[in-house]
$ cat final-v3.pdb   # PDB, C-alpha atoms, pLDDT in the B column
ATOM      1  CA  MET A   1       0.000   0.000   0.000  1.00 79.00           C
ATOM      2  CA  GLY A   2       2.798   2.402   0.862  1.00 81.00           C
ATOM      3  CA  LEU A   3       4.628   1.606  -2.349  1.00 88.00           C
ATOM      4  CA  ILE A   4       1.666   2.448  -4.560  1.00 88.00           C
ATOM      5  CA  THR A   5       1.076   5.660  -2.576  1.00 89.00           C
ATOM      6  CA  ALA A   6       4.697   6.708  -3.160  1.00 89.00           C
ATOM      7  CA  VAL A   7       4.412   5.957  -6.886  1.00 90.00           C
ATOM      8  CA  ASN A   8       1.237   8.030  -7.027  1.00 89.00           C
ATOM      9  CA  ARG A   9       3.015  11.006  -5.446  1.00 88.00           C
ATOM     10  CA  LEU A  10       5.968  10.763  -7.831  1.00 87.00           C
ATOM     11  CA  ARG A  11       4.139  10.114 -11.103  1.00 83.00           C
ATOM     12  CA  ASP A  12       3.591  13.813 -11.833  1.00 82.00           C
ATOM     13  CA  SER A  13       7.022  14.916 -10.645  1.00 80.00           C
ATOM     14  CA  ASP A  14       9.203  16.690 -13.198  1.00 78.00           C
ATOM     15  CA  ALA A  15      12.450  15.672 -11.478  1.00 76.00           C
ATOM     16  CA  LYS A  16      15.245  14.132 -13.564  1.00 78.00           C
ATOM     17  CA  SER A  17      15.169  10.953 -11.525  1.00 80.00           C
ATOM     18  CA  ARG A  18      12.310   9.683  -9.444  1.00 87.00           C
ATOM     19  CA  VAL A  19      13.351   7.354  -6.644  1.00 89.00           C
ATOM     20  CA  ILE A  20      11.618   5.430  -3.884  1.00 92.00           C
ATOM     21  CA  VAL A  21      13.554   3.895  -0.990  1.00 92.00           C
ATOM     22  CA  LEU A  22      11.501   1.028   0.395  1.00 92.00           C
ATOM     23  CA  LEU A  23      12.546   0.011   3.908  1.00 91.00           C
ATOM     24  CA  THR A  24      10.696  -3.182   4.839  1.00 86.00           C
ATOM     25  CA  ASP A  25      10.818  -6.858   5.723  1.00 79.00           C
ATOM     26  CA  GLY A  26       9.261  -7.608   2.353  1.00 76.00           C
ATOM     27  CA  ARG A  27       6.042  -9.123   3.590  1.00 76.00           C
ATOM     28  CA  ASN A  28       2.871  -7.936   1.918  1.00 76.00           C
ATOM     29  CA  ASN A  29       0.368  -7.635   4.746  1.00 71.00           C
ATOM     30  CA  ARG A  30      -1.674  -4.585   3.692  1.00 71.00           C
ATOM     31  CA  GLY A  31      -3.440  -3.245   0.654  1.00 73.00           C
ATOM     32  CA  GLU A  32      -5.195  -4.563  -2.394  1.00 81.00           C
ATOM     33  CA  ILE A  33      -2.318  -4.180  -4.866  1.00 85.00           C
ATOM     34  CA  ASP A  34       0.516  -6.703  -4.629  1.00 86.00           C
ATOM     35  CA  PRO A  35       4.131  -5.449  -4.649  1.00 87.00           C
ATOM     36  CA  ALA A  36       4.924  -6.864  -8.120  1.00 88.00           C
ATOM     37  CA  THR A  37       2.054  -4.898  -9.675  1.00 90.00           C
ATOM     38  CA  ALA A  38       3.131  -1.760  -7.815  1.00 89.00           C
ATOM     39  CA  ALA A  39       6.684  -2.258  -9.147  1.00 91.00           C
ATOM     40  CA  GLN A  40       5.384  -2.615 -12.723  1.00 93.00           C
ATOM     41  CA  LEU A  41       3.383   0.577 -12.278  1.00 91.00           C
ATOM     42  CA  ALA A  42       6.461   2.351 -10.898  1.00 92.00           C
ATOM     43  CA  HIS A  43       8.497   1.192 -13.902  1.00 92.00           C
ATOM     44  CA  SER A  44       5.835   2.499 -16.301  1.00 92.00           C
ATOM     45  CA  PHE A  45       6.067   5.949 -14.652  1.00 91.00           C
ATOM     46  CA  GLY A  46       9.880   5.883 -14.683  1.00 90.00           C
ATOM     47  CA  VAL A  47      10.220   5.517 -10.923  1.00 91.00           C
ATOM     48  CA  LYS A  48      13.257   3.622  -9.643  1.00 93.00           C
ATOM     49  CA  ILE A  49      12.861   1.628  -6.412  1.00 94.00           C
ATOM     50  CA  TYR A  50      15.707   0.829  -4.043  1.00 95.00           C
ATOM     51  CA  THR A  51      14.644  -1.838  -1.562  1.00 94.00           C
ATOM     52  CA  ILE A  52      16.231  -2.365   1.834  1.00 93.00           C
ATOM     53  CA  GLY A  53      15.476  -5.569   3.703  1.00 90.00           C
ATOM     54  CA  VAL A  54      15.491  -4.940   7.444  1.00 86.00           C
ATOM     55  CA  GLY A  55      14.973  -7.380  10.252  1.00 74.00           C
ATOM     56  CA  SER A  56      16.531 -10.336  11.955  1.00 70.00           C
ATOM     57  CA  ARG A  57      16.502 -13.896  10.762  1.00 73.00           C
ATOM     58  CA  GLY A  58      14.795 -16.491  12.883  1.00 77.00           C
ATOM     59  CA  GLU A  59      12.591 -15.197  15.677  1.00 81.00           C
ATOM     60  CA  ALA A  60      12.133 -11.647  16.907  1.00 77.00           C
ATOM     61  CA  PRO A  61      10.187 -10.194  19.874  1.00 81.00           C
ATOM     62  CA  TYR A  62       6.824  -8.680  18.942  1.00 80.00           C
ATOM     63  CA  PRO A  63       4.747  -6.639  21.439  1.00 86.00           C
ATOM     64  CA  ILE A  64       1.140  -7.688  22.052  1.00 89.00           C
ATOM     65  CA  GLN A  65      -1.507  -6.304  24.372  1.00 89.00           C
ATOM     66  CA  ASP A  66      -2.770  -9.046  26.681  1.00 85.00           C
ATOM     67  CA  PRO A  67      -6.080  -8.210  28.458  1.00 87.00           C
ATOM     68  CA  PHE A  68      -4.927  -9.932  31.663  1.00 86.00           C
ATOM     69  CA  LEU A  69      -1.154  -9.403  31.740  1.00 84.00           C
ATOM     70  CA  GLY A  70      -0.905  -6.083  29.881  1.00 87.00           C
ATOM     71  CA  LYS A  71       1.809  -5.481  27.321  1.00 90.00           C
ATOM     72  CA  ARG A  72       4.076  -8.438  26.772  1.00 90.00           C
ATOM     73  CA  TYR A  73       6.338  -9.786  24.059  1.00 89.00           C
ATOM     74  CA  VAL A  74       5.982 -12.983  22.060  1.00 87.00           C
ATOM     75  CA  TYR A  75       8.515 -14.377  19.631  1.00 86.00           C
ATOM     76  CA  LEU A  76       7.363 -14.585  16.025  1.00 80.00           C
ATOM     77  CA  LYS A  77       9.101 -15.899  12.935  1.00 79.00           C
ATOM     78  CA  ALA A  78      10.810 -12.917  11.299  1.00 72.00           C
ATOM     79  CA  ASP A  79      12.004 -13.867   7.849  1.00 78.00           C
ATOM     80  CA  ILE A  80      12.739 -11.332   5.142  1.00 83.00           C
ATOM     81  CA  ASP A  81      11.246 -11.886   1.705  1.00 84.00           C
ATOM     82  CA  GLU A  82      14.473 -11.133  -0.155  1.00 88.00           C
ATOM     83  CA  GLU A  83      13.205 -12.683  -3.380  1.00 89.00           C
ATOM     84  CA  THR A  84      10.302 -10.228  -3.653  1.00 90.00           C
ATOM     85  CA  LEU A  85      12.463  -7.261  -2.652  1.00 92.00           C
ATOM     86  CA  THR A  86      15.085  -8.170  -5.270  1.00 92.00           C
ATOM     87  CA  GLU A  87      12.374  -8.572  -7.912  1.00 93.00           C
ATOM     88  CA  ILE A  88      10.868  -5.155  -7.082  1.00 93.00           C
ATOM     89  CA  ALA A  89      14.254  -3.435  -7.252  1.00 93.00           C
ATOM     90  CA  THR A  90      15.528  -5.069 -10.449  1.00 94.00           C
ATOM     91  CA  SER A  91      12.250  -4.624 -12.332  1.00 94.00           C
ATOM     92  CA  THR A  92      12.455  -0.847 -11.827  1.00 93.00           C
ATOM     93  CA  GLY A  93      16.199  -0.404 -12.361  1.00 92.00           C
ATOM     94  CA  GLY A  94      16.945  -0.107  -8.663  1.00 93.00           C
ATOM     95  CA  GLN A  95      18.948  -2.289  -6.326  1.00 94.00           C
ATOM     96  CA  TYR A  96      18.301  -4.496  -3.295  1.00 95.00           C
ATOM     97  CA  PHE A  97      20.235  -3.976  -0.057  1.00 95.00           C
ATOM     98  CA  ARG A  98      20.279  -5.943   3.191  1.00 92.00           C
ATOM     99  CA  ALA A  99      20.559  -4.041   6.483  1.00 90.00           C
ATOM    100  CA  THR A 100      21.503  -6.075   9.533  1.00 84.00           C
ATOM    101  CA  ASP A 101      22.067  -3.219  11.988  1.00 85.00           C
ATOM    102  CA  ALA A 102      21.998   0.564  12.274  1.00 88.00           C
ATOM    103  CA  GLU A 103      25.533   0.995  10.936  1.00 92.00           C
ATOM    104  CA  SER A 104      24.840  -0.993   7.782  1.00 91.00           C
ATOM    105  CA  LEU A 105      21.633   0.985   7.251  1.00 92.00           C
ATOM    106  CA  ILE A 106      23.578   4.255   7.401  1.00 93.00           C
ATOM    107  CA  LYS A 107      26.093   2.897   4.852  1.00 94.00           C
ATOM    108  CA  ILE A 108      23.250   1.844   2.549  1.00 93.00           C
ATOM    109  CA  PHE A 109      21.647   5.291   2.683  1.00 91.00           C
ATOM    110  CA  LYS A 110      25.024   6.912   1.906  1.00 92.00           C
ATOM    111  CA  GLN A 111      25.471   4.572  -1.046  1.00 92.00           C
ATOM    112  CA  ILE A 112      21.999   5.368  -2.411  1.00 90.00           C
ATOM    113  CA  ASP A 113      22.651   9.067  -1.835  1.00 87.00           C
ATOM    114  CA  SER A 114      25.837   8.852  -3.912  1.00 86.00           C
ATOM    115  CA  MET A 115      23.958   7.135  -6.772  1.00 86.00           C
ATOM    116  CA  GLU A 116      20.973   9.521  -6.878  1.00 77.00           C
ATOM    117  CA  LYS A 117      21.380  13.288  -6.871  1.00 71.00           C
ATOM    118  CA  THR A 118      18.126  15.124  -7.509  1.00 65.00           C
ATOM    119  CA  ASP A 119      16.860  18.077  -5.509  1.00 66.00           C
ATOM    120  CA  ILE A 120      13.196  17.890  -4.609  1.00 63.00           C
ATOM    121  CA  ARG A 121      11.090  20.729  -3.311  1.00 71.00           C
ATOM    122  CA  VAL A 122       8.560  19.584  -0.763  1.00 74.00           C
ATOM    123  CA  ARG A 123       5.634  21.542   0.588  1.00 81.00           C
ATOM    124  CA  HIS A 124       5.600  21.634   4.340  1.00 85.00           C
ATOM    125  CA  TYR A 125       2.367  22.076   6.189  1.00 87.00           C
ATOM    126  CA  VAL A 126       2.315  23.411   9.723  1.00 89.00           C
ATOM    127  CA  ARG A 127      -0.634  23.010  12.036  1.00 88.00           C
ATOM    128  CA  TYR A 128      -0.762  25.718  14.653  1.00 89.00           C
ATOM    129  CA  ALA A 129      -2.426  25.211  18.015  1.00 88.00           C
ATOM    130  CA  GLU A 130      -3.205  28.101  20.323  1.00 90.00           C
ATOM    131  CA  LEU A 131      -1.800  27.451  23.792  1.00 90.00           C
ATOM    132  CA  PHE A 132      -2.661  30.750  25.449  1.00 90.00           C
ATOM    133  CA  PRO A 133      -5.804  29.411  27.230  1.00 88.00           C
ATOM    134  CA  TRP A 134      -3.549  27.138  29.314  1.00 90.00           C
ATOM    135  CA  PHE A 135      -1.809  30.232  30.678  1.00 92.00           C
ATOM    136  CA  LEU A 136      -4.705  32.680  30.554  1.00 94.00           C
ATOM    137  CA  THR A 137      -7.027  30.630  32.790  1.00 93.00           C
ATOM    138  CA  PRO A 138      -4.624  30.236  35.763  1.00 93.00           C
ATOM    139  CA  GLY A 139      -3.466  33.855  35.385  1.00 94.00           C
ATOM    140  CA  LEU A 140      -7.055  35.095  35.434  1.00 95.00           C
ATOM    141  CA  ALA A 141      -7.799  32.929  38.487  1.00 95.00           C
ATOM    142  CA  VAL A 142      -4.809  34.346  40.389  1.00 93.00           C
ATOM    143  CA  PHE A 143      -5.820  37.904  39.415  1.00 92.00           C
ATOM    144  CA  LEU A 144      -9.396  37.384  40.656  1.00 92.00           C
ATOM    145  CA  LEU A 145      -8.049  35.828  43.867  1.00 90.00           C
ATOM    146  CA  GLU A 146      -5.859  38.913  44.394  1.00 87.00           C
ATOM    147  CA  LEU A 147      -8.833  41.214  43.816  1.00 86.00           C
ATOM    148  CA  GLY A 148     -10.934  39.278  46.314  1.00 86.00           C
ATOM    149  CA  LEU A 149      -8.231  39.100  48.982  1.00 84.00           C
ATOM    150  CA  SER A 150      -7.366  42.803  48.661  1.00 82.00           C
ATOM    151  CA  THR A 151     -10.780  43.696  50.152  1.00 81.00           C
ATOM    152  CA  THR A 152     -10.259  41.495  53.207  1.00 81.00           C
ATOM    153  CA  ARG A 153      -7.823  41.584  56.093  1.00 74.00           C
ATOM    154  CA  LEU A 154      -5.188  40.163  53.722  1.00 68.00           C
ATOM    155  CA  ARG A 155      -4.983  43.418  51.810  1.00 69.00           C
ATOM    156  CA  ARG A 156      -1.692  44.880  50.653  1.00 64.00           C
ATOM    157  CA  LEU A 157       0.555  46.736  53.008  1.00 59.00           C
ATOM    158  CA  PRO A 158       1.959  50.075  51.825  1.00 55.00           C
TER
END
$ encode --input "final-v3.pdb" --output "structure tokens"
Amino acid sequence: MGLITAVNRLRDSDAKSRVIVLLTDGRNNRGEIDPATAAQLAHSFGVKIYTIGVGSRGEAPYPIQDPFLGKRYVYLKADIDEETLTEIATSTGGQYFRATDAESLIKIFKQIDSMEKTDIRVRHYVRYAELFPWFLTPGLAVFLLELGLSTTRLRRLP
């Protein structure tokens, strides 16, 4: 699903090279369009996909919410679908990489960065939230308290 969304965003781009970096374990567990079809669509729009397989081999801890014991971890089989990731990358002119730890992931990103040099302008949206009521309400309460206490025996001394 994420792959087809990325292709959709890049299809109208006028950049010299259009690139997607797909960081995943390779399993297709969401969406209606399979990864091979998404890769074919990317190729038809001239989008190159670099795939990075991330995860451990064997079993890995996975958090679950147990209604009686709360959050706990169970070990699930964590295999990477390298065949699919290689197919996606080669069908679009990209390359498959395997990241085993944070250091190797940094090296992979540097390698991809050296292969692809296109500047992209991105629109940034900022959502503003007014926070003044959080300060106005206590300040107003303290002011009213001061007004009330100034008419009692606790008035100000000169």
$ resolve_selection --input "final-v3.pdb" --expression "the PyMOL selection byres ((chain A and resi 1) around 7)" --output "number ranges by chain"
A: 2-5, 30-31, 33
$ atom_distance --input "final-v3.pdb" --atom1 "CA of Glu59 in chain A" --atom2 "CA of Arg72 in chain A"
15.5 Å
$ residues_near_point --input "final-v3.pdb" --point "(3.1, -11.3, -10.2)" --cutoff "12 Å" --atoms "all atoms listed in the file" --output "list in words"
Ile33, Asp34, Pro35, Ala36, Thr37, Ala38, Ala39, Gln40, Thr84, Glu87, Ile88 and Ser91 of chain A
$ closest_residue --input "final-v3.pdb" --among "A:Ala42, A:Leu147, A:Ile49, A:Leu131" --to "Gln95 in chain A" --atoms "all atoms listed in the file"
A:Ile49
$ residues_around --input "final-v3.pdb" --residues "Asp81 in chain A" --least-positions-apart "6" --cutoff "8 Å" --atoms "all atoms listed in the file" --output "ChimeraX atom specification"
/A:25-27,53
$ resolve_selection --input "final-v3.pdb" --expression "the PyMOL selection byres ((chain A and resi 54) around 9)" --output "list in words"
Leu23, Thr24, Asp25, Gly26, Ile52, Gly53, Gly55, Ser56, Ile80, Phe97, Arg98, Ala99, Thr100, Asp101 and Leu105 of chain A
$ closest_residue --input "final-v3.pdb" --among "A:Lys77, A:Lys117, A:Arg153, A:His43" --to "Ala89 in chain A" --atoms "all atoms listed in the file"
A:His43
$ resolve_selection --input "final-v3.pdb" --expression "the PyMOL selection byres ((chain A and resi 16-20) around 10)" --output "list of chain:residue names"
A:Leu3, A:Ala6, A:Val7, A:Leu10, A:Arg11, A:Asp12, A:Ser13, A:Asp14, A:Ala15, A:Val21, A:Leu22, A:Leu23, A:Ala42, A:Phe45, A:Gly46, A:Val47, A:Lys48, A:Ile49, A:Tyr50, A:Thr51, A:Ala89, A:Thr92, A:Gly94, A:Ile112, A:Glu116, A:Lys117, A:Thr118, A:Asp119, A:Ile120
$ closest_residue --input "final-v3.pdb" --among "A:Lys71, A:Tyr96, A:Ala60, A:Ala102" --to "Glu83 in chain A" --atoms "all atoms listed in the file"
A:Tyr96
$ closest_residue --input "final-v3.pdb" --among "A:Leu41, A:Val122, A:Ala129, A:Ala78" --to "Gly58 in chain A" --atoms "only C-alpha atoms"
A:Ala78
$ atom_distance --input "final-v3.pdb" --atom1 "CA of Leu76 in chain A" --atom2 "CA of Ile106 in chain A"
26.3 Å
